[in-house]
Every structure is written in structure tokens, then in C-alpha cells.
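What follows is start-v3.pdb (PDB, C-alpha atoms).
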```pdb
ATOM      1  CA  MET J 190      35.949  18.777 -26.205
ATOM      2  CA  ARG J 191      35.599  21.948 -24.173
ATOM      3  CA  ALA J 192      32.832  23.088 -26.474
ATOM      4  CA  ILE J 193      30.697  20.026 -25.748
ATOM      5  CA  ALA J 194      31.674  19.538 -22.093
ATOM      6  CA  ALA J 195      29.304  22.178 -20.767
ATOM      7  CA  PRO J 196      26.204  20.913 -22.679
ATOM      8  CA  PHE J 197      26.936  17.313 -21.611
ATOM      9  CA  ALA J 198      27.406  18.406 -18.003
ATOM     10  CA  ARG J 199      24.062  20.200 -18.129
ATOM     11  CA  LEU J 200      22.414  17.136 -19.654
ATOM     12  CA  GLY J 201      23.882  14.959 -16.903
ATOM     13  CA  GLU J 202      22.572  17.376 -14.293
ATOM     14  CA  ILE J 203      19.070  17.183 -15.815
ATOM     15  CA  PHE J 204      19.098  13.368 -15.766
ATOM     16  CA  ALA J 205      20.368  13.362 -12.182
ATOM     17  CA  LEU J 206      17.619  15.756 -11.075
ATOM     18  CA  ARG J 207      14.979  13.671 -12.838
ATOM     19  CA  ARG J 208      16.297  10.500 -11.213
ATOM     20  CA  THR J 209      16.213  12.196  -7.800
ATOM     21  CA  ALA J 210      12.648  13.341  -8.441
ATOM     22  CA  ALA J 211      11.648   9.807  -9.491
ATOM     23  CA  VAL J 212      13.164   8.299  -6.330
ATOM     24  CA  LEU J 213      11.437  10.870  -4.120
ATOM     25  CA  LEU J 214       8.080  10.351  -5.811
ATOM     26  CA  ASP J 215       8.458   6.559  -5.575
ATOM     27  CA  THR J 216       9.220   6.921  -1.857
ATOM     28  CA  TYR J 217       6.368   9.281  -1.046
ATOM     29  CA  VAL J 218       3.553   8.447  -3.458
ATOM     30  CA  GLY J 219       4.454   5.058  -4.980
ATOM     31  CA  ASN J 220       5.858   3.922  -8.308
ATOM     32  CA  GLN J 221       2.757   4.116 -10.502
ATOM     33  CA  ALA J 222       1.590   7.412  -9.019
ATOM     34  CA  GLY J 223       5.108   8.820  -9.304
ATOM     35  CA  GLU J 224       5.339   7.885 -12.975
ATOM     36  CA  ARG J 225       2.007   9.576 -13.665
ATOM     37  CA  ILE J 226       3.046  12.744 -11.831
ATOM     38  CA  LEU J 227       6.341  12.915 -13.734
ATOM     39  CA  ALA J 228       4.380  12.470 -16.949
ATOM     40  CA  GLY J 229       2.403  15.606 -16.107
ATOM     41  CA  GLN J 230      -0.848  14.044 -14.896
ATOM     42  CA  ILE J 231      -1.329  16.673 -12.193
ATOM     43  CA  ARG J 232      -4.700  18.134 -13.120
ATOM     44  CA  ARG J 233      -7.356  17.867 -10.416
ATOM     45  CA  GLY J 234      -9.959  15.305 -11.387
ATOM     46  CA  HIS J 235      -7.642  13.545 -13.835
ATOM     47  CA  ALA J 236      -8.197   9.862 -13.098
ATOM     48  CA  GLU J 237      -8.057   6.543 -14.905
ATOM     49  CA  SER J 238     -10.330   3.545 -14.462
ATOM     50  CA  MET J 239      -8.639   0.275 -13.577
ATOM     51  CA  GLN J 240      -9.399  -3.104 -12.074
ATOM     52  CA  ALA J 241      -7.571  -3.802  -8.852
ATOM     53  CA  ALA J 242      -7.558  -5.530  -5.509
ATOM     54  CA  ILE J 243      -7.567  -2.993  -2.674
ATOM     55  CA  TRP J 244      -5.896  -3.492   0.709
ATOM     56  CA  LEU J 245      -6.991  -1.443   3.729
ATOM     57  CA  SER J 246      -5.456  -2.361   7.073
ATOM     58  CA  ASP J 247      -5.194  -0.928  10.571
ATOM     59  CA  LEU J 248      -3.600  -1.655  13.919
ATOM     60  CA  ARG J 249      -5.986  -3.080  16.498
ATOM     61  CA  GLY J 250      -6.242  -1.120  19.757
ATOM     62  CA  PHE J 251      -4.322   1.842  18.368
ATOM     63  CA  THR J 252      -6.395   4.503  20.147
ATOM     64  CA  ALA J 253      -5.835   2.922  23.554
ATOM     65  CA  LEU J 254      -2.172   2.390  22.731
ATOM     66  CA  SER J 255      -1.666   6.036  21.775
ATOM     67  CA  ASP J 256      -3.343   7.125  25.019
ATOM     68  CA  ARG J 257      -0.846   5.101  27.088
ATOM     69  CA  LEU J 258       2.425   5.747  25.250
ATOM     70  CA  SER J 259       4.310   8.864  24.205
ATOM     71  CA  PRO J 260       4.115  10.163  20.622
ATOM     72  CA  GLN J 261       7.786   9.278  20.070
ATOM     73  CA  VAL J 262       7.165   5.663  21.085
ATOM     74  CA  ILE J 263       4.033   5.507  18.928
ATOM     75  CA  VAL J 264       6.035   6.639  15.887
ATOM     76  CA  GLU J 265       8.635   3.920  16.547
ATOM     77  CA  ILE J 266       5.894   1.295  16.860
ATOM     78  CA  LEU J 267       4.161   2.463  13.681
ATOM     79  CA  ASN J 268       7.418   2.322  11.719
ATOM     80  CA  GLN J 269       8.011  -1.269  12.887
ATOM     81  CA  TYR J 270       4.385  -2.128  12.175
ATOM     82  CA  PHE J 271       4.486  -0.764   8.630
ATOM     83  CA  ASP J 272       7.784  -2.599   8.053
ATOM     84  CA  CYS J 273       5.797  -5.800   8.576
ATOM     85  CA  GLN J 274       3.458  -4.906   5.703
ATOM     86  CA  VAL J 275       5.247  -2.776   3.109
ATOM     87  CA  PRO J 276       7.856  -5.360   1.990
ATOM     88  CA  ALA J 277       5.189  -8.079   1.735
ATOM     89  CA  ILE J 278       2.840  -5.853  -0.281
ATOM     90  CA  ARG J 279       5.555  -4.710  -2.692
ATOM     91  CA  LYS J 280       7.004  -8.213  -3.022
ATOM     92  CA  HIS J 281       3.633  -9.471  -4.268
ATOM     93  CA  GLY J 282       2.993  -6.674  -6.753
ATOM     94  CA  GLY J 283       1.122  -4.156  -4.644
ATOM     95  CA  GLU J 284       1.667  -0.425  -4.432
ATOM     96  CA  ILE J 285       1.383   1.571  -1.222
ATOM     97  CA  LEU J 286      -0.868   4.571  -1.797
ATOM     98  CA  LYS J 287      -0.916   6.152   1.630
ATOM     99  CA  PHE J 288      -0.439   5.827   5.371
ATOM    100  CA  MET J 289      -3.294   7.216   7.474
ATOM    101  CA  GLY J 290      -2.266   7.181  11.117
ATOM    102  CA  ASP J 291      -2.210   3.427  11.808
ATOM    103  CA  GLY J 292      -4.013   2.717   8.522
ATOM    104  CA  LEU J 293      -2.470   1.624   5.238
ATOM    105  CA  LEU J 294      -4.078   1.779   1.793
ATOM    106  CA  ALA J 295      -2.543  -0.265  -1.022
ATOM    107  CA  VAL J 296      -3.621  -1.356  -4.497
ATOM    108  CA  PHE J 297      -2.781  -4.480  -6.501
ATOM    109  CA  PRO J 298      -3.494  -3.637 -10.155
ATOM    110  CA  ILE J 299      -5.128  -6.231 -12.390
ATOM    111  CA  SER J 300      -3.692  -6.247 -15.890
ATOM    112  CA  GLU J 301      -5.799  -5.901 -18.981
ATOM    113  CA  ASP J 302      -5.896  -8.951 -21.262
ATOM    114  CA  ASP J 303      -2.223  -8.717 -22.252
ATOM    115  CA  GLY J 304      -1.239 -12.364 -21.868
ATOM    116  CA  ASN J 305       0.374 -11.769 -18.463
ATOM    117  CA  SER J 306      -1.213 -14.450 -16.302
ATOM    118  CA  ASN J 307       0.371 -13.038 -13.120
ATOM    119  CA  GLY J 308      -1.772  -9.945 -13.530
ATOM    120  CA  GLN J 309      -5.090 -11.753 -13.949
ATOM    121  CA  PRO J 310      -7.737 -11.570 -11.191
ATOM    122  CA  LYS J 311      -7.271 -15.008  -9.622
ATOM    123  CA  GLN J 312      -3.498 -14.698  -9.630
ATOM    124  CA  VAL J 313      -3.669 -11.189  -8.185
ATOM    125  CA  CYS J 314      -5.990 -12.391  -5.429
ATOM    126  CA  ALA J 315      -3.621 -15.246  -4.617
ATOM    127  CA  ARG J 316      -0.761 -12.753  -4.350
ATOM    128  CA  VAL J 317      -2.832 -10.485  -2.095
ATOM    129  CA  LEU J 318      -3.500 -13.434   0.217
ATOM    130  CA  ASP J 319       0.192 -14.330   0.270
ATOM    131  CA  ALA J 320       1.036 -10.735   1.192
ATOM    132  CA  ALA J 321      -1.609 -10.754   3.952
ATOM    133  CA  ARG J 322      -0.231 -13.973   5.432
ATOM    134  CA  GLU J 323       3.325 -12.642   5.401
ATOM    135  CA  ALA J 324       2.231  -9.353   6.968
ATOM    136  CA  ARG J 325       0.263 -11.215   9.625
ATOM    137  CA  ALA J 326       3.292 -13.351  10.510
ATOM    138  CA  GLY J 327       5.417 -10.223  10.835
ATOM    139  CA  VAL J 328       2.913  -8.433  13.070
ATOM    140  CA  ASP J 329       2.457 -11.584  15.198
ATOM    141  CA  ALA J 330       6.232 -11.699  15.778
ATOM    142  CA  MET J 331       6.478  -7.971  16.502
ATOM    143  CA  HIS J 332       6.936  -6.748  20.053
ATOM    144  CA  TYR J 333       7.979  -3.552  21.794
ATOM    145  CA  LEU J 334       9.478  -3.276  25.277
ATOM    146  CA  SER J 335       7.796  -0.426  27.137
ATOM    147  CA  ARG J 336       8.298   0.626  30.753
ATOM    148  CA  ASP J 337       5.508  -1.550  32.092
ATOM    149  CA  ALA J 338       5.436  -4.583  29.800
ATOM    150  CA  VAL J 339       6.205  -6.104  26.446
ATOM    151  CA  GLU J 340       3.687  -4.768  23.957
ATOM    152  CA  ARG J 341       2.240  -7.255  21.452
ATOM    153  CA  PHE J 342       0.251  -6.293  18.381
ATOM    154  CA  ARG J 343      -2.612  -7.395  16.136
ATOM    155  CA  PHE J 344      -3.886  -5.982  12.881
ATOM    156  CA  GLY J 345      -6.898  -6.330  10.621
ATOM    157  CA  VAL J 346      -7.093  -6.068   6.854
ATOM    158  CA  ALA J 347     -10.083  -5.567   4.567
ATOM    159  CA  LEU J 348      -9.685  -6.692   0.945
ATOM    160  CA  HIS J 349     -11.822  -5.859  -2.061
ATOM    161  CA  ILE J 350     -11.675  -6.432  -5.807
ATOM    162  CA  GLY J 351     -13.335  -4.336  -8.470
ATOM    163  CA  GLY J 352     -13.170  -1.194 -10.545
ATOM    164  CA  VAL J 353     -11.406   1.834  -9.103
ATOM    165  CA  LEU J 354     -10.601   5.377 -10.193
ATOM    166  CA  PHE J 355      -6.880   6.059  -9.823
ATOM    167  CA  GLY J 356      -5.844   9.693  -9.994
ATOM    168  CA  ASN J 357      -5.858  13.210  -8.532
ATOM    169  CA  ILE J 358      -8.268  14.413  -5.900
ATOM    170  CA  GLY J 359      -8.105  17.330  -3.484
ATOM    171  CA  GLY J 360      -8.221  21.104  -3.241
ATOM    172  CA  SER J 361      -7.376  23.547  -5.999
ATOM    173  CA  ASN J 362      -3.729  23.888  -4.924
ATOM    174  CA  ARG J 363      -3.179  20.714  -2.874
ATOM    175  CA  LEU J 364      -3.735  17.359  -4.555
ATOM    176  CA  ASP J 365      -3.350  13.742  -3.561
ATOM    177  CA  PHE J 366      -2.890  10.764  -5.856
ATOM    178  CA  THR J 367      -5.209   8.040  -4.629
ATOM    179  CA  CYS J 368      -7.872   5.534  -5.612
ATOM    180  CA  ILE J 369     -11.625   5.651  -5.146
ATOM    181  CA  ALA J 370     -13.676   2.469  -5.351
ATOM    182  CA  ARG J 371     -17.441   2.105  -5.483
ATOM    183  CA  GLY J 372     -18.573  -0.021  -2.579
ATOM    184  CA  GLN J 373     -15.022  -0.329  -1.266
ATOM    185  CA  SER J 374     -15.120  -2.937   1.455
ATOM    186  CA  ARG J 375     -14.099  -1.962   4.972
ATOM    187  CA  ARG J 376     -15.221  -5.234   6.488
ATOM    188  CA  GLU J 377     -13.168  -6.705   9.235
ATOM    189  CA  ALA J 378     -11.460  -9.833   7.942
ATOM    190  CA  GLY J 379     -13.250 -13.067   8.820
ATOM    191  CA  GLU J 380     -12.220 -16.637   9.413
ATOM    192  CA  ASP J 381     -11.867 -18.374   6.044
ATOM    193  CA  ARG J 382      -8.188 -19.359   5.638
ATOM    194  CA  ARG J 383      -8.461 -21.181   2.311
ATOM    195  CA  PRO J 384      -6.175 -20.026  -0.482
ATOM    196  CA  ALA J 385      -7.757 -17.942  -3.203
ATOM    197  CA  ALA J 386      -7.504 -20.707  -5.796
ATOM    198  CA  SER J 387      -9.814 -22.922  -3.723
ATOM    199  CA  HIS J 388     -12.672 -20.417  -3.477
ATOM    200  CA  GLY J 389     -15.736 -21.090  -5.557
ATOM    201  CA  GLY J 390     -18.120 -18.647  -7.102
ATOM    202  CA  GLY J 391     -15.873 -17.205  -9.785
ATOM    203  CA  VAL J 392     -13.429 -14.347  -9.647
ATOM    204  CA  GLY J 393     -15.825 -12.024  -7.844
ATOM    205  CA  GLY J 394     -16.050 -14.514  -5.007
ATOM    206  CA  VAL J 395     -12.309 -14.935  -4.827
ATOM    207  CA  CYS J 396     -11.373 -11.514  -3.479
ATOM    208  CA  ARG J 397     -14.651 -10.353  -2.030
ATOM    209  CA  SER J 398     -14.473 -13.330   0.326
ATOM    210  CA  LEU J 399     -10.778 -13.072   1.202
ATOM    211  CA  ARG J 400     -11.399 -13.709   4.872
ATOM    212  CA  LEU J 401      -8.246 -14.207   6.894
ATOM    213  CA  ARG J 402      -8.556 -14.245  10.657
ATOM    214  CA  LEU J 403      -5.948 -11.566  11.334
ATOM    215  CA  ASP J 404      -7.118 -10.526  14.775
TER     216      ASP J 404
END
```

What would the structure in this file look like if it were written as C-alpha cells?
Amino acid sequence: MRAIAAPFARLGEIFALRRTAAVLLDTYVGNQAGERILAGQIRRGHAESMQAAIWLSDLRGFTALSDRLSPQVIVEILNQYFDCQVPAIRKHGGEILKFMGDGLLAVFPISEDDGNSNGQPKQVCARVLDAAREARAGVDAMHYLSRDAVERFRFGVALHIGGVLFGNIGGSNRLDFTCIARGQSRREAGEDRRPAASHGGGVGGVCRSLRLRLD
């Protein structure tokens, strides 16, 4: 027993370290990106093509807000604000790629033809809309008590469907795992509140015209 105790202890330590690394990567770069990094996909320019719905959102009036309030208060507000979006995005199959100040970039992968209907374009678009509605409800209910008044918040989200490159980009010794989409839409969301299933014009029209009035 003593002869095998040390090797088993070392093996347990390796598994524990790998699990810790997986949790940290999931927390900081997302599940899919974390899995790719652990698998050794860390070469600059290494990217895979995929079909996905892309989510890009921001907090309305953030510049004016940051001019009025202290950095500590802004961080508290941003954490509450992102808490309105992250659970909804992950619940509906999305992956958070990055936070950019008050901006959030997420991707909802579309499965290849593997028989999984939940990963098909129309179903993915419906899930993106559900996530957007839940996030909107959370932001609408959000408030922050400052010295002068109760702060209320609004956010906008641009949604796009199409082919993306998902992989490493950056400098020679500092990389980021992200997605790049040709013609990625940054349009402000419009007024059409119909569910995705009721949109005409085929799959392309479903997500390219996801127009929720989120302002």
C-alpha cells in the first residue's frame, strides 16, 4: 500500500490541479474557450469556423454615468448590470466571451446537422430572444441608490447570425480567445417584439431582424 500511495497521491494532485485550471478558465474565458485552451489550442491565428448567433450589448448613458459617480460605485453598478445578463445568456445556451467596459460579447453556437434540434438556427434564435427578454426585465428592475437619487438603467443589444471565426487573436505573447464575424451587426435594437418563430423570410431573417425595443 505504501508503495502505491505516493503515485496515487501525485495522480490525485494532477487531477485537482487540472480541475482548478478548468474552473478558472471557465470563469475567465468561458467553457468552450477554456476547453480549447486546455486542449492546447493556444497558437496565434488558430481559429475554427462556426455558425453562431452573436450578442453585443451595452449600458445606455454609461459615459455620463461614469462622469458623475466614483469608480467604486461604477464597478458595483456594472457587476449588478452584468448579473442581469450572464445568467440569462448561459441559461439559454450562450457563452460569455468578454466584458468590455459596459459592453458584453456573447456567442450562441449553432450545431452542425447532428440531430439536435435545440442547436438549429431557428431554435437558437428563439433562445437568444428569450435571453434578451429576461436580461431586459432584469435591467428594467435594477436600481442603485446614489447620494442624489435612485439610478435607473437601460441597455441595448445588437444580435447577428452567421459564420464566425472562433479562436486566438492578439500579440505574439498575449492572446485572447474571441470570435470575429464578417459584417457583425452593431445596430441598435429596433421595435419588433415578435418571437423568432413568427418571423418570415427564412432563417437569415430570423436573427438578422431580432429587433427588441430594449431602450

Spatial neighbours of stretch 234-240 of chain J, max dist 12 Å, all atoms listed in the file, sep filter under 6 positions, as a ChimeraX atom specification
/J:221-222,225-226,296-302,308-310,313-314,349-361,364-371,393

Give me, please, the distance in Å between atom CA of J:Tyr270 and atom CA of J:Glu340, quoted to one decimal.
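Computed distance, atom CA of J:Tyr270 to atom CA of J:Glu340, equals 12.1 Å.
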
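Computed from the coordinates, the atom CA of J:Phe342 to atom CA of J:Lys287 distance equals 20.9 Å.
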
Expand the PyMOL selection byres ((chain J and resi 346) around 7) into the individual residues it matches in the shown file, reporting them as a list of chain:residue names.
J:Trp244, J:Leu245, J:Ser246, J:Asp247, J:Phe344, J:Gly345, J:Ala347, J:Leu348, J:Glu377, J:Ala378

For J:Met289: contacts at 12 Å, all atoms listed in the file, fewer than 4 positions along chain excluded, given as a PyMOL selection string
chain J and resi 245-248+267+271+285+293-295

List, as a compact mmCIF listing (two decimals) with C-alpha atoms, in the coordinates of the input, every residue that the PyMOL selection byres ((chain J and resi 278) around 10) selects in the file provided.
```
# COMPACT_ATOMS: atom_id res chain seq x y z
CA TRP J 244 -5.90 -3.49 0.71
CA CYS J 273 5.80 -5.80 8.58
CA GLN J 274 3.46 -4.91 5.70
CA VAL J 275 5.25 -2.78 3.11
CA PRO J 276 7.86 -5.36 1.99
CA ALA J 277 5.19 -8.08 1.74
CA ARG J 279 5.56 -4.71 -2.69
CA LYS J 280 7.00 -8.21 -3.02
CA HIS J 281 3.63 -9.47 -4.27
CA GLY J 282 2.99 -6.67 -6.75
CA GLY J 283 1.12 -4.16 -4.64
CA GLU J 284 1.67 -0.42 -4.43
CA ILE J 285 1.38 1.57 -1.22
CA ALA J 295 -2.54 -0.26 -1.02
CA VAL J 296 -3.62 -1.36 -4.50
CA PHE J 297 -2.78 -4.48 -6.50
CA ARG J 316 -0.76 -12.75 -4.35
CA VAL J 317 -2.83 -10.48 -2.10
CA LEU J 318 -3.50 -13.43 0.22
CA ASP J 319 0.19 -14.33 0.27
CA ALA J 320 1.04 -10.74 1.19
CA ALA J 321 -1.61 -10.75 3.95
CA GLU J 323 3.32 -12.64 5.40
CA ALA J 324 2.23 -9.35 6.97
```

Report, in Å with one decimal, the straight-line distance from atom CA of J:Arg363 to atom CA of J:Arg233.
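Atom-to-atom, atom CA of J:Arg363 and atom CA of J:Arg233 are spaced 9.1 Å apart.
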
When distances are computed from all atoms listed in the file, which of J:Arg341, J:Gly292, J:Ala326, J:Leu286 shows the smallest separation from J:Thr216?
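Closest to J:Thr216, using all atoms listed in the file: J:Leu286.
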
Box centre and edge lengths (Å, one decimal), axis-aligned, stretch 310-322 of chain J plus 5 Å each side, as JSON:
```
{"center_x": -3.4, "center_y": -12.9, "center_z": -2.9, "size_x": 18.8, "size_y": 14.8, "size_z": 26.6}
```
